[in-house]
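Undergrad: To start, I am sharing the structure in question, which I have written as structure tokens.
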Amino acid sequence: MSADLHGLQDLCTTYLRPLESIQAENAVLSSILLRNPDFDAIAEILRPEHFSALHRGEMYRLIGNAIQAGRRVDPVTMREAFSSNEALAAYGAQKAVLEAMNNGIPCPHALLRSYANEIVDLAMRRSLRSMARKVLNAENETEDDNASAIISRLQEQLQGLSAGVDGTRQAKTASQASHEVIGDLEVSWKAGTFLSGLDCGYAELNKRLRGLRPGGMYVLAGRPAMGKSSLALGIAVRMALQEGRGLYWSGEMDSKELMARAISAKCGLPLQTVLTGMIEGDNQPEKVSRHTLERIISAGMAARKIPLVIDDREGLSVQQIAIRARRMAREPDGLKFVVIDYIGLLRGSDAVRRSGNRVAEVTEISGEIARMARELKVPVIALSQLNRQSENREDRRPGMADIRDSGAIEQDARCILAVYREEAALRLRLGHDGQVVRNLNEGEQAYQKRAVEFEAALERSQGKGEVLILKNRGGTGGVIDMWFDGPATWFRDFSEDEKGLAW
């Protein structure tokens, strides 16, 4: 290396400011040690490797692991964990704690994310500076490299940084990945189950999907009134009873209406009867009998035992849902799955929203849902609307191209399911009087023939639905036939009794 280049490096080192904020790092550590819930506010953006010193990063990691395990932490309860950590012991565990508590003034909760973002920003700048130094020193080059290969490698690292991950992190070897596959195989073999994921509660779906895999994003799409929310709730209720506690976010229906649907399906009575205690009489609505009222109450008591948490706050972002999900995952009852109803009601980041580009906003939301699933290691079922194009076709069954707003959903999802009910599609073609609409210049005989065929098709489709598997990574596609109980808005497997137990 020439003397001029050495001089340039020395000059840069002299005038470049240090890319660290020790005070911010200590402030974050002291805040979490004194106020454990503060961890939830920054856990999704701040990771141990973002800290400028290894011992502070290890402190953050140990504190986070303890909080996620449901333990209360403070400098006293963490003393043993800090002392037994190699990096902290080398620096001096007691010295590190004293620095955090004495030199880092706990910041107000409202400023905590700002402190965390500052730490992350400085960490990314350090990574960029390191990459630049390696380019300057030709450390990224090998004898067989050309400029194109070097640029490609740098682009990969930069993309990793922009996504908030370590672009230089080592990938797993084939040996490591194969070892994990064999481990999963042995667990499944010993359990004697063909499922590689969670039991979703519907036999044919389980057969086709092999269960819902932890870390996977599952999209359930459909036009309005086709029943996507009904199927999502059915999966959530059955999976919660079978596998354990889940989180259901609904931006459209409140928690009472959702549980009224589950109670309606359980007792086999129309949803409106469950909501009002009234039933249609000869002339006007009448009170249900005492026996019927007791059936509803009994179903309601059973519903109280469903391990499902319903979040019906409007206009949330994926990060806000993720915060609640992380908190649930740390609690003794844990978290097995998340349902999001639906993507179109989620809010993107302020920056993307200001751009006015809805496709970009949905792309961001879809990516965050996929990352949440991987981070929490649970399946996330996200509902999505379909475009109107399918309604203009003769065969109104949807395809992947009908998913609204963004192709990113198609790319991010492990599996895409579409709900279709021929009965609902046919009823959209009826006139206001409930009769088949006559075509322009259509003769009486042709109209009557078409009306008879239409009524026959409507009768064949009553009480039935379909789930179309449009994408299934690692599994088979196809169509799954199901029963649909319209009054109770509930799906059942074709192998089940049409009016049997809902859950």
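Scheme for the structure tokens: letters A, B, ... for chains in order shown; per-chain residue numbers from 1; ligand numbers from 1 in order shown.
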Per DSSP on the backbone, what are the helix (DSSP H, G or I) residues of stretch 238-361 of chain A, as a ChimeraX atom specification?
TA: /A:238-243,255-267,271-276,290-303,318-330,343-345,350-355,358-361
Undergrad: When you look at stretch 60-68 of chain A with a cut-off of 7 Å (counting only C-alpha atoms), what residues show up, excluding the ones that are within fewer than 6 positions of it in the same chain? I need them as a VMD selection string.
TA: chain A and resid 29 48 330
Undergrad: Excluding stretch 243-252 of chain A and residues on its chain fewer than 6 positions from it, collect all residues at most 7 Å away from it, counting only C-alpha atoms, and give them as number ranges by chain.
TA: A: 198-199, 307-315, 325, 333-342, 345
Undergrad: Find the residues around A:Ser84 up to 12 Å (only C-alpha atoms counted), leave out those fewer than 4 positions away in its own chain, and share them as a list in words.
TA: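 The residues that qualify are Glu58, Met59, Leu62, Met78, Arg79, Glu80, Leu88, Ala89, Ala90, Tyr91, Gly92, Ala93 and Gln94 of chain A.
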Undergrad: Within 10 Å of A:Asp402, counting only C-alpha atoms, which residues show up once you throw out same-chain ones fewer than 5 positions away? Write them as a PyMOL selection string, please.
TA: chain A and resi 221-223+385-390+397+407+418
Undergrad: Okay, now the selection with N, CA and C atoms, as a JSON list (two decimals), in the first residue's frame?
TA:
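Saved file out37.json follows:
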[["chain", "number", "residue", "atom", "x", "y", "z"],
["A", 221, "ALA", "N", -57.57, -15.22, 1.58],
["A", 221, "ALA", "CA", -58.13, -14.14, 0.78],
["A", 221, "ALA", "C", -59.56, -14.44, 0.36],
["A", 222, "GLY", "N", -60.29, -13.40, 0.03],
["A", 222, "GLY", "CA", -61.66, -13.58, -0.45],
["A", 222, "GLY", "C", -62.34, -12.25, -0.68],
["A", 223, "ARG", "N", -63.36, -12.27, -1.52],
["A", 223, "ARG", "CA", -64.20, -11.10, -1.72],
["A", 223, "ARG", "C", -65.12, -10.93, -0.51],
["A", 385, "GLN", "N", -58.18, -8.82, 1.14],
["A", 385, "GLN", "CA", -59.27, -8.64, 0.19],
["A", 385, "GLN", "C", -58.80, -9.03, -1.21],
["A", 386, "LEU", "N", -59.76, -9.34, -2.08],
["A", 386, "LEU", "CA", -59.49, -9.60, -3.49],
["A", 386, "LEU", "C", -60.05, -8.46, -4.34],
["A", 387, "ASN", "N", -59.45, -8.26, -5.50],
["A", 387, "ASN", "CA", -59.96, -7.26, -6.43],
["A", 387, "ASN", "C", -61.32, -7.67, -6.99],
["A", 388, "ARG", "N", -61.98, -6.74, -7.65],
["A", 388, "ARG", "CA", -63.29, -7.02, -8.24],
["A", 388, "ARG", "C", -63.20, -7.81, -9.54],
["A", 389, "GLN", "N", -61.99, -7.98, -10.08],
["A", 389, "GLN", "CA", -61.89, -8.59, -11.41],
["A", 389, "GLN", "C", -62.54, -9.96, -11.48],
["A", 390, "SER", "N", -62.42, -10.72, -10.39],
["A", 390, "SER", "CA", -62.98, -12.08, -10.42],
["A", 390, "SER", "C", -64.49, -12.06, -10.62],
["A", 397, "ARG", "N", -64.21, -17.94, -9.50],
["A", 397, "ARG", "CA", -63.21, -18.44, -8.55],
["A", 397, "ARG", "C", -61.94, -17.60, -8.67],
["A", 407, "GLY", "N", -48.16, -7.32, -5.11],
["A", 407, "GLY", "CA", -47.64, -8.65, -5.40],
["A", 407, "GLY", "C", -46.72, -9.15, -4.32],
["A", 418, "ALA", "N", -57.79, -19.13, -0.78],
["A", 418, "ALA", "CA", -58.86, -18.23, -1.19],
["A", 418, "ALA", "C", -60.20, -18.91, -0.88]]
Undergrad: Neighbours of A:Arg238 within 8 Å (only C-alpha atoms; same-chain residues fewer than 6 positions away dropped), as a list of chain:residue names?
TA: A:Cys200, A:Gly201, A:Trp503
Undergrad: Which one of A:Val237, A:Gly281, A:Cys107, A:Ala96 sits closest to A:Ser83 if you count only C-alpha atoms?
TA: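 Under the stated criterion, the closest residue is A:Ala96.
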Undergrad: What lies within 12 Å of A:Gln23 using only C-alpha atoms, ignoring chain neighbours under 4 positions off, as a PyMOL selection string?
TA: chain A and resi 27-31+51-52+56+99-107+115-116+118-119
